[in-house]
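**Student:** Handing over target.cif, mmCIF, C-alpha atoms and all ligand atoms.
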```
data_run
loop_
_atom_site.label_atom_id
_atom_site.label_comp_id
_atom_site.auth_asym_id
_atom_site.auth_seq_id
_atom_site.Cartn_x
_atom_site.Cartn_y
_atom_site.Cartn_z
CA MET R 1 69.38 -13.30 18.69
CA ALA R 2 72.69 -12.19 20.11
CA THR R 3 75.65 -14.52 19.70
CA TYR R 4 77.21 -15.91 22.84
CA PHE R 5 80.30 -13.78 23.55
CA TRP R 6 82.90 -16.57 23.51
CA LEU R 7 81.69 -17.75 20.08
CA LYS R 8 82.35 -14.33 18.55
CA LYS R 9 85.43 -13.67 16.45
CA GLU R 10 86.83 -10.92 18.67
CA ALA R 11 86.83 -13.25 21.70
CA LEU R 12 89.80 -15.12 20.18
CA SER R 13 92.09 -12.16 19.46
CA THR R 14 94.70 -13.76 21.73
CA SER R 15 95.11 -17.33 22.90
CA MET R 16 97.49 -19.44 24.93
CA ALA R 17 99.11 -20.51 21.63
CA ASP R 18 100.58 -17.01 21.31
CA LEU R 19 102.81 -17.77 24.30
CA ASP R 20 104.49 -20.71 22.52
CA GLY R 21 108.21 -20.14 22.07
CA LEU R 22 108.17 -16.90 24.06
CA SER R 23 111.52 -16.20 25.74
CA GLU R 24 112.02 -14.89 29.27
CA GLU R 25 113.08 -11.45 27.88
CA GLN R 26 110.00 -11.25 25.68
CA ALA R 27 107.72 -12.16 28.60
CA HIS R 28 109.48 -9.50 30.72
CA SER R 29 109.05 -6.74 28.13
CA PHE R 30 105.42 -7.78 27.49
CA LEU R 31 104.59 -7.48 31.20
CA ALA R 32 106.58 -4.23 31.52
CA GLN R 33 104.59 -2.75 28.66
CA MET R 34 101.37 -3.87 30.33
CA ARG R 35 102.42 -2.29 33.64
CA TRP R 36 103.63 1.09 32.37
CA GLN R 37 101.77 1.27 29.02
CA SER R 38 104.97 2.34 27.28
CA LYS R 39 107.77 0.67 25.30
CA ASP R 40 110.69 2.26 27.17
CA GLN R 41 109.34 4.71 29.77
CA ARG R 42 109.26 3.31 33.33
CA VAL R 43 108.07 4.84 36.60
CA CYS R 44 110.35 4.51 39.61
CA PRO R 45 108.26 3.20 42.55
CA ASP R 46 110.42 5.17 45.03
CA CYS R 47 110.47 8.70 43.60
CA ALA R 48 107.62 8.23 41.07
CA VAL R 49 109.62 9.85 38.23
CA GLN R 50 108.83 8.57 34.75
CA ASP R 51 111.90 8.26 32.53
CA LYS R 52 114.03 5.90 30.46
CA HIS R 53 115.79 4.50 33.51
CA TYR R 54 119.05 2.51 33.20
CA PHE R 55 118.24 -1.14 32.50
CA ARG R 56 120.52 -3.73 34.10
CA ARG R 57 120.06 -6.58 31.69
CA THR R 58 121.71 -9.32 33.78
CA ARG R 59 119.36 -8.70 36.71
CA MET R 60 116.32 -7.66 34.65
CA GLN R 61 116.03 -4.55 36.81
CA TRP R 62 116.17 -0.80 36.36
CA SER R 63 118.28 1.76 38.21
CA CYS R 64 116.47 5.03 38.72
CA LYS R 65 118.14 8.00 36.98
CA HIS R 66 117.08 10.32 39.79
CA CYS R 67 117.18 8.51 43.14
CA PHE R 68 119.58 5.70 42.00
CA LYS R 69 117.42 3.03 43.64
CA THR R 70 116.96 -0.29 41.88
CA PHE R 71 113.52 -1.59 41.01
CA SER R 72 112.10 -4.51 39.09
CA LEU R 73 108.93 -5.20 37.14
CA THR R 74 107.15 -6.47 40.25
CA SER R 75 108.52 -4.06 42.90
CA GLY R 76 105.74 -2.87 45.20
CA THR R 77 103.08 -5.10 43.61
CA ALA R 78 101.28 -8.22 44.83
CA PHE R 79 104.13 -10.26 43.28
CA HIS R 80 106.84 -8.28 45.12
CA GLY R 81 109.84 -10.45 45.95
CA HIS R 82 108.71 -13.43 43.85
CA LYS R 83 111.23 -16.02 42.70
CA VAL R 84 109.53 -17.63 39.70
CA SER R 85 110.39 -16.52 36.17
CA TYR R 86 108.46 -13.81 34.35
CA LEU R 87 107.42 -16.32 31.70
CA THR R 88 105.87 -18.51 34.42
CA LEU R 89 104.05 -15.49 35.86
CA LEU R 90 102.70 -14.56 32.44
CA LYS R 91 101.51 -18.11 31.79
CA ALA R 92 99.90 -18.20 35.23
CA LEU R 93 97.98 -14.99 34.45
CA PHE R 94 96.73 -16.49 31.19
CA LEU R 95 95.74 -19.79 32.80
CA PHE R 96 93.97 -17.99 35.65
CA ALA R 97 92.00 -15.81 33.25
CA MET R 98 91.06 -18.43 30.67
CA ASN R 99 89.66 -21.06 33.03
CA GLN R 100 86.11 -19.85 33.46
CA LYS R 101 85.47 -21.57 36.76
CA GLY R 102 88.93 -21.19 38.21
CA ILE R 103 91.87 -23.56 38.15
CA SER R 104 93.13 -25.73 40.98
CA ALA R 105 96.68 -25.29 42.23
CA LEU R 106 97.44 -28.92 41.35
CA ALA R 107 96.38 -28.35 37.74
CA LEU R 108 98.37 -25.10 37.55
CA ARG R 109 101.36 -26.98 38.87
CA ARG R 110 101.17 -29.44 35.98
CA HIS R 111 100.84 -26.63 33.44
CA LEU R 112 103.76 -24.58 34.78
CA GLY R 113 106.07 -27.29 36.08
CA VAL R 114 106.45 -25.69 39.52
CA GLN R 115 105.96 -27.04 43.02
CA TYR R 116 102.42 -27.36 44.40
CA ARG R 117 102.97 -24.76 47.10
CA THR R 118 104.35 -22.28 44.53
CA ALA R 119 101.21 -22.67 42.44
CA TYR R 120 98.97 -22.48 45.54
CA VAL R 121 100.54 -19.25 46.83
CA LEU R 122 100.54 -17.73 43.32
CA MET R 123 96.81 -18.36 42.93
CA HIS R 124 96.07 -16.93 46.36
CA LYS R 125 98.14 -13.82 45.65
CA LEU R 126 96.00 -13.29 42.56
CA ARG R 127 92.78 -13.78 44.54
CA GLU R 128 93.96 -11.41 47.23
CA ALA R 129 94.92 -8.80 44.63
CA LEU R 130 91.43 -9.03 43.15
CA MET R 131 89.93 -8.67 46.62
CA VAL R 132 91.92 -5.65 47.83
CA THR R 133 91.50 -3.75 44.55
CA THR R 134 87.71 -4.12 44.44
CA GLU R 135 86.04 -0.81 43.62
CA ILE R 136 84.69 0.52 46.91
CA THR R 137 81.99 2.98 45.91
CA PRO R 138 78.53 1.70 47.04
CA LEU R 139 76.34 -0.03 44.47
CA SER R 140 73.35 1.94 43.23
CA GLY R 141 70.37 1.80 40.88
CA HIS R 142 69.07 -1.72 40.40
CA VAL R 143 70.70 -4.09 42.92
CA GLU R 144 69.95 -7.79 43.36
CA ILE R 145 70.87 -9.53 46.62
CA ASP R 146 70.93 -13.20 47.57
CA GLY R 147 72.68 -15.57 49.95
CA GLY R 148 74.19 -18.98 49.21
CA HIS R 149 75.19 -21.64 51.73
CA PHE R 150 78.74 -22.94 51.30
CA SER R 151 81.05 -25.41 52.99
CA GLY R 152 80.71 -27.25 56.27
CA ARG R 153 78.18 -29.86 55.20
CA LYS R 154 78.46 -33.09 57.13
CA ARG R 155 79.04 -36.17 55.03
CA LYS R 156 76.24 -38.69 55.04
CA PRO R 157 77.48 -41.33 57.52
CA ARG R 158 77.30 -45.07 57.19
CA LYS R 159 74.21 -46.48 58.82
CA VAL R 160 74.78 -45.99 62.53
CA PRO R 161 72.56 -47.56 65.21
CA GLU R 162 70.35 -44.93 66.87
CA LYS R 163 72.13 -45.13 70.24
CA GLU R 164 75.58 -44.60 68.69
CA LYS R 165 74.57 -41.42 66.83
CA PRO R 166 76.33 -38.25 68.02
CA LYS R 167 73.96 -36.17 70.13
CA LEU R 168 73.43 -32.45 69.78
CA PRO R 169 74.64 -30.46 72.79
CA LYS R 170 72.06 -30.20 75.54
CA LYS R 171 71.04 -26.59 74.79
CA TYR R 172 69.76 -27.63 71.34
CA GLN R 173 68.11 -30.92 72.28
CA HIS R 174 64.65 -29.46 72.98
CA ARG R 175 64.30 -28.44 69.32
CA ASP R 176 63.46 -30.77 66.45
CA LYS R 177 65.62 -28.83 64.01
CA VAL R 178 68.68 -26.60 64.28
CA GLY R 179 69.57 -24.12 61.55
CA PRO R 180 72.86 -24.67 59.73
CA ALA R 181 74.33 -21.49 61.15
CA GLU R 182 74.02 -22.54 64.79
CA ASN R 183 74.30 -26.27 64.33
CA PRO R 184 77.59 -27.25 66.00
CA PHE R 185 78.03 -30.08 63.49
CA HIS R 186 78.19 -27.45 60.75
CA LYS R 187 80.84 -25.24 62.25
CA ASN R 188 82.41 -24.36 58.89
CA ARG R 189 79.08 -23.43 57.33
CA ARG R 190 79.05 -19.86 55.98
CA ILE R 191 76.71 -17.84 53.85
CA ILE R 192 78.04 -15.80 50.98
CA ILE R 193 75.85 -12.74 50.41
CA VAL R 194 76.13 -11.42 46.88
CA PHE R 195 75.23 -7.89 45.78
CA ARG R 196 74.95 -7.33 42.04
CA GLU R 197 74.34 -4.02 40.33
CA CYS R 198 72.54 -4.27 36.98
CA ASP R 199 72.77 -1.86 34.09
CA THR R 200 69.47 0.00 33.82
CA ARG R 201 70.29 1.82 30.55
CA PRO R 202 68.48 0.58 27.44
CA LEU R 203 70.59 -1.61 25.14
CA ASP R 204 70.59 0.95 22.30
CA GLN R 205 72.08 3.57 24.64
CA GLY R 206 75.14 1.52 25.54
CA GLY R 207 73.50 -0.54 28.28
CA ARG R 208 74.75 -4.08 28.82
CA PRO R 209 72.39 -6.92 29.70
CA GLY R 210 72.75 -8.42 33.15
CA ALA R 211 74.89 -7.46 36.10
CA ILE R 212 77.86 -5.11 35.72
CA ARG R 213 79.35 -5.00 39.22
CA THR R 214 79.48 -7.67 41.89
CA VAL R 215 80.58 -7.59 45.52
CA THR R 216 80.28 -10.21 48.24
CA ALA R 217 80.40 -10.57 52.02
CA ILE R 218 80.42 -13.55 54.38
CA CYS R 219 77.83 -14.16 57.12
CA ASN R 220 77.00 -16.91 59.58
CA ALA R 221 73.29 -16.73 58.80
CA GLU R 222 70.92 -14.82 56.56
CA ASP R 223 69.33 -12.90 59.43
CA GLY R 224 69.85 -9.56 61.18
CA GLN R 225 73.50 -9.49 60.04
CA VAL R 226 72.41 -8.82 56.47
CA VAL R 227 70.85 -5.37 56.89
CA PRO R 228 74.01 -3.55 58.16
CA LEU R 229 75.89 -5.06 55.20
CA ILE R 230 73.29 -3.74 52.76
CA GLU R 231 73.51 -0.27 54.33
CA ARG R 232 77.27 -0.39 53.86
CA TYR R 233 77.38 -1.82 50.33
CA VAL R 234 74.32 -0.22 48.68
CA LYS R 235 73.50 3.47 48.26
CA LYS R 236 70.27 4.70 49.92
CA GLY R 237 67.40 5.10 47.48
CA SER R 238 68.48 2.14 45.30
CA LYS R 239 65.98 -0.43 44.12
CA ILE R 240 66.71 -3.77 45.78
CA TYR R 241 65.44 -7.15 44.58
CA THR R 242 65.56 -10.18 46.90
CA ASP R 243 63.68 -13.36 47.71
CA GLU R 244 61.02 -13.37 50.44
CA LEU R 245 63.34 -14.04 53.36
CA PRO R 246 62.24 -12.24 56.58
CA ALA R 247 65.74 -10.75 56.97
CA TYR R 248 65.07 -8.35 54.11
CA ARG R 249 61.66 -7.08 55.29
CA LYS R 250 63.19 -4.11 57.09
CA LEU R 251 64.67 -2.62 53.90
CA GLN R 252 61.61 -0.63 52.83
CA TYR R 253 61.63 1.25 56.16
CA ILE R 254 65.28 2.35 56.01
CA GLY R 255 65.37 4.21 52.74
CA PHE R 256 65.45 1.52 50.05
CA SER R 257 62.86 0.60 47.47
CA HIS R 258 62.35 -3.15 47.87
CA ASP R 259 60.72 -5.78 45.66
CA THR R 260 60.57 -9.52 46.29
CA VAL R 261 59.90 -12.68 44.33
CA ASN R 262 58.46 -15.81 45.92
CA HIS R 263 60.83 -18.56 44.87
CA SER R 264 58.55 -21.40 45.90
CA GLN R 265 56.15 -20.29 43.15
CA GLU R 266 58.10 -18.56 40.38
CA PHE R 267 61.51 -17.30 39.24
CA SER R 268 60.13 -13.99 38.06
CA THR R 269 56.82 -12.25 38.81
CA ASP R 270 54.46 -11.06 36.07
CA ALA R 271 55.80 -7.56 36.66
CA GLY R 272 59.32 -8.82 35.92
CA VAL R 273 60.59 -8.78 39.51
CA ASN R 274 63.41 -11.31 39.81
CA GLN R 275 66.87 -11.76 41.27
CA ASN R 276 68.19 -14.07 38.59
CA GLN R 277 71.50 -12.20 38.28
CA ALA R 278 72.21 -12.89 41.95
CA GLU R 279 71.17 -16.54 41.49
CA SER R 280 73.35 -16.98 38.42
CA TYR R 281 76.39 -15.75 40.36
CA PHE R 282 76.06 -18.79 42.62
CA SER R 283 75.84 -21.05 39.61
CA ARG R 284 79.49 -20.35 38.74
CA LEU R 285 80.73 -20.33 42.34
CA ARG R 286 78.88 -23.58 43.15
CA ARG R 287 80.38 -25.35 40.14
CA ALA R 288 83.86 -24.10 41.03
CA PHE R 289 83.34 -25.28 44.60
CA ILE R 290 82.14 -28.74 43.54
CA GLY R 291 84.34 -29.32 40.52
CA ILE R 292 87.57 -27.35 41.00
CA PHE R 293 88.36 -26.45 44.59
CA HIS R 294 86.41 -29.22 46.44
CA ARG R 295 86.96 -27.56 49.78
CA ILE R 296 86.85 -23.91 50.80
CA THR R 297 87.49 -23.06 54.44
CA PRO R 298 85.87 -19.98 56.03
CA ARG R 299 89.28 -18.32 56.40
CA TYR R 300 89.73 -17.88 52.63
CA MET R 301 86.09 -18.01 51.48
CA LEU R 302 85.97 -14.27 50.74
CA ASP R 303 89.04 -14.60 48.48
CA TYR R 304 87.42 -17.35 46.43
CA SER R 305 84.18 -15.37 46.15
CA CYS R 306 86.15 -12.29 45.00
CA GLU R 307 87.77 -14.40 42.30
CA MET R 308 84.29 -15.27 41.03
CA ASN R 309 83.19 -11.62 41.30
CA TRP R 310 85.98 -10.74 38.91
CA ARG R 311 85.13 -13.60 36.55
CA GLU R 312 81.49 -12.53 36.47
CA ASP R 313 82.27 -8.87 35.87
CA MET R 314 84.82 -9.66 33.14
CA ARG R 315 82.71 -12.29 31.41
CA ARG R 316 82.33 -10.26 28.22
CA THR R 317 85.97 -9.18 27.87
CA ASP R 318 88.36 -11.04 25.58
CA LEU R 319 91.31 -13.00 26.97
CA LEU R 320 93.93 -10.27 26.46
CA GLY R 321 91.60 -7.73 28.10
CA GLN R 322 91.14 -10.07 31.05
CA VAL R 323 94.89 -10.67 31.44
CA THR R 324 95.59 -6.93 31.16
CA ASP R 325 92.98 -6.14 33.82
CA LEU R 326 94.25 -8.94 36.06
CA PHE R 327 97.84 -7.69 35.86
CA ALA R 328 96.70 -4.10 36.43
CA ARG R 329 95.03 -5.29 39.65
CA VAL R 330 98.21 -7.17 40.66
CA VAL R 331 100.23 -3.97 40.11
CA LYS R 332 97.72 -1.90 42.11
CA ALA R 333 97.65 -4.34 45.05
CA PRO R 334 100.34 -3.89 47.69
CA HIS R 335 102.84 -6.56 48.70
CA SER R 336 100.72 -9.24 50.34
CA THR R 337 100.93 -9.50 54.12
CA ASP R 338 98.99 -12.78 54.33
CA TRP R 339 100.84 -14.64 51.58
CA ARG R 340 104.43 -13.47 51.92
CA ASN R 341 106.49 -16.22 53.53
CA TYR R 342 103.43 -18.50 53.59
CA VAL R 343 105.57 -21.60 53.15
CA ARG R 344 107.60 -20.55 56.20
CA GLY R 345 104.53 -20.45 58.42
CA ASN R 346 103.10 -16.95 57.94
CA LYS R 347 99.35 -17.04 57.35
CA ARG R 348 96.18 -15.00 57.79
CA GLN R 349 94.86 -14.93 61.35
CA GLY R 350 91.10 -15.37 61.67
CA GLU R 351 88.47 -15.00 58.99
CA LEU R 352 87.87 -12.12 56.61
CA ARG R 353 84.14 -11.32 56.35
CA THR R 354 84.00 -8.15 54.25
CA ILE R 355 86.15 -6.65 51.52
CA PRO R 356 88.80 -4.44 53.19
CA GLY R 357 87.97 -0.76 52.84
CA LEU R 358 84.37 -1.29 51.84
ZN ZN R 401 113.62 6.89 41.70
#
```
Write the structure described by the file as structure tokens, please.

**Tutor:**
Amino acid sequence: MATYFWLKKEALSTSMADLDGLSEEQAHSFLAQMRWQSKDQRVCPDCAVQDKHYFRRTRMQWSCKHCFKTFSLTSGTAFHGHKVSYLTLLKALFLFAMNQKGISALALRRHLGVQYRTAYVLMHKLREALMVTTEITPLSGHVEIDGGHFSGRKRKPRKVPEKEKPKLPKKYQHRDKVGPAENPFHKNRRIIIVFRECDTRPLDQGGRPGAIRTVTAICNAEDGQVVPLIERYVKKGSKIYTDELPAYRKLQYIGFSHDTVNHSQEFSTDAGVNQNQAESYFSRLRRAFIGIFHRITPRYMLDYSCEMNWREDMRRTDLLGQVTDLFARVVKAPHSTDWRNYVRGNKRQGELRTIPGL
């Protein structure tokens, strides 16, 4: 039987203990090496020339040998214009990667010794970087799809006399039951639709068990809104596995091969049809929602789900590999428009439902 990845020896090639006693200069050169994959060669973000640019030690910045512009380690990245030290950034990357179900901003604050809002914005910049750098080619092959209901649940009230109970608006009163999506008392209720591509290669030919790529989208209900998303996210001709929800019935007529499993009877049919990879995605997100974040509003729900997409897809990479990938995504992401100047009142307008560009 295969050993669980995090019990293997190679999973502990690096740990948080390696950061003990690290100086600001060491953290800076470590991150610079991660960004440019070189000890002394740097690429100017303005003229894109790679060279040994002049290093201005007092400001921890480089002056370009060719266009004479000044740039720093984080110029043009998701951390552009940050004020915290490089050591703090490096520790934040490690803490973000090593906490398997995410880390709350209040906990990060205690680890780093920064203000709550600094930790909060830092975490959201990371989530946004993961979201905007998601690979945007459609999923193909074996794809499992499922929806999970998140947020907006009304708290169970104290016992209220029947006549004092809040009434549903008149247009709903003729029904005995209103679905969560249209129930006005559940206005923050959203459904996260997850799409997971599984590796179909046999294990002895380099195939990996389970899902290898995950993307998500946000819906109000698992109904007609789902099919256009599937057409956008999944390549025609792919094999799709879902539960028996009526919303998915149309798939076999629009160019997909579609198999279902009846969840009221079994997790997997005798023929092996299941969507357990899609179900297991919600296991991590649900635990993060209950135990770490406690509250996720629709405005930032896609960001939180993208964080979990990354965690799922990187689940068999060691800590240093995760931190390297995370920082590479931060470098690839542009300067955030939603999170710059957040503490001065700038914030995202409206909700984000699908990954930008996909
Ligand atoms: Zn230059």

**Student:** If the limit is 8 Å from any atom of ligand ZN 401 (chain R), counting all atoms listed in the file, which residues qualify? Return them as a VMD selection string.

**Tutor:** chain R and resid 43 to 49 63 to 70

**Student:** Can I get the residues of range 83-171 of chain R within 10 Å of range 341-352 of chain R, each with the closest pair of atoms and their distance in Å to one decimal, using all atoms listed in the file, sorted chain first then ascending number, as CSV?

**Tutor:**
```
residue,atom,partner,partner_atom,distance
R:Arg117,CA,R:Val343,CA,7.3
R:Thr118,CA,R:Val343,CA,8.7
R:Val121,CA,R:Tyr342,CA,7.4
```

**Student:** What's the separation between CA of Glu244 in chain R and CA of Ser280 in chain R, in Å to one decimal place?

**Tutor:**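 That distance, rounded to one decimal, is 17.6 Å.
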
**Student:** What lies within 10 Å of Leu302 in chain R using all atoms listed in the file, ignoring chain neighbours under 6 positions off, as JSON, numbers by chain?

**Tutor:** {"R": [127, 128, 131, 192, 216, 217, 218, 296, 308, 351, 352, 353, 354, 355]}

**Student:** Include C-alpha atoms and write out the residues we just selected as a short mmCIF file (atom, residue, chain, number, x, y, z; two decimals), in the frame of the given file.

**Tutor:**
```
data_model
loop_
_atom_site.label_atom_id
_atom_site.label_comp_id
_atom_site.auth_asym_id
_atom_site.auth_seq_id
_atom_site.Cartn_x
_atom_site.Cartn_y
_atom_site.Cartn_z
CA ARG R 127 92.78 -13.78 44.54
CA GLU R 128 93.96 -11.41 47.23
CA MET R 131 89.93 -8.67 46.62
CA ILE R 192 78.04 -15.80 50.98
CA THR R 216 80.28 -10.21 48.24
CA ALA R 217 80.40 -10.57 52.02
CA ILE R 218 80.42 -13.55 54.38
CA ILE R 296 86.85 -23.91 50.80
CA MET R 308 84.29 -15.27 41.03
CA GLU R 351 88.47 -15.00 58.99
CA LEU R 352 87.87 -12.12 56.61
CA ARG R 353 84.14 -11.32 56.35
CA THR R 354 84.00 -8.15 54.25
CA ILE R 355 86.15 -6.65 51.52
#
```

**Student:** Between R:Ser151, R:Lys239, R:Lys52, R:Ala27, which has the minimum distance to Lys39 in chain R (counting all atoms listed in the file)?

**Tutor:** R:Lys52

**Student:** Take CA of Arg315 in chain R and CA of Gly206 in chain R and report the distance between them in Å, one decimal.

**Tutor:**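 It comes out at 16.8 Å.
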
**Student:** If you measure from CA of Leu358 in chain R to CA of Asn274 in chain R, what distance in Å do you get, rounded to one decimal?

**Tutor:** 26.2 Å

**Student:** Show which residues sit within 12 Å of range 288-290 of chain R, as a ChimeraX atom specification. Count all atoms listed in the file, and ignore same-chain residues fewer than 6 positions away.

**Tutor:** /R:99-104,149-151,281-282,296-297,301,304-305,307-308,311

**Student:** Nearest to Tyr86 in chain R among R:Ile193, R:Leu112, R:Ala278, R:Val143, with distances taken over all atoms listed in the file: which residue is it?

**Tutor:**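 Among R:Ile193, R:Leu112, R:Ala278, R:Val143, it is R:Leu112 that comes nearest to Tyr86 in chain R.
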
**Student:** For the contact check between range 159-261 of chain R and range 269-273 of chain R, emit one row per residue of range 159-261 of chain R within 10 Å, containing the shortest atom pair and the distance in Å rounded to one decimal, counting all atoms listed in the file, chain then rising number order, as JSON lines.

**Tutor:**
```
{"residue": "R:Tyr241", "atom": "CA", "partner": "R:Val273", "partner_atom": "CA", "distance": 7.2}
{"residue": "R:Thr242", "atom": "CA", "partner": "R:Val273", "partner_atom": "CA", "distance": 9.0}
{"residue": "R:Asp243", "atom": "CA", "partner": "R:Val273", "partner_atom": "CA", "distance": 9.9}
{"residue": "R:Asp259", "atom": "CA", "partner": "R:Val273", "partner_atom": "CA", "distance": 6.8}
{"residue": "R:Thr260", "atom": "CA", "partner": "R:Val273", "partner_atom": "CA", "distance": 6.8}
{"residue": "R:Val261", "atom": "CA", "partner": "R:Val273", "partner_atom": "CA", "distance": 6.2}
```

**Student:** Can I get the residues of range 133-216 of chain R within 12 Å of range 330-335 of chain R, each with the closest pair of atoms and their distance in Å to one decimal, using all atoms listed in the file, sorted chain first then ascending number, as CSV?

**Tutor:**
```
residue,atom,partner,partner_atom,distance
R:Thr133,CA,R:Ala333,CA,6.2
R:Thr134,CA,R:Ala333,CA,10.0
R:Glu135,CA,R:Lys332,CA,11.8
```

**Student:** Counting all atoms listed in the file, which residue out of R:Ala105, R:Leu93, R:Leu245, R:Glu144 sits closest to Phe293 in chain R?

**Tutor:**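 Among R:Ala105, R:Leu93, R:Leu245, R:Glu144, it is R:Ala105 that comes nearest to Phe293 in chain R.
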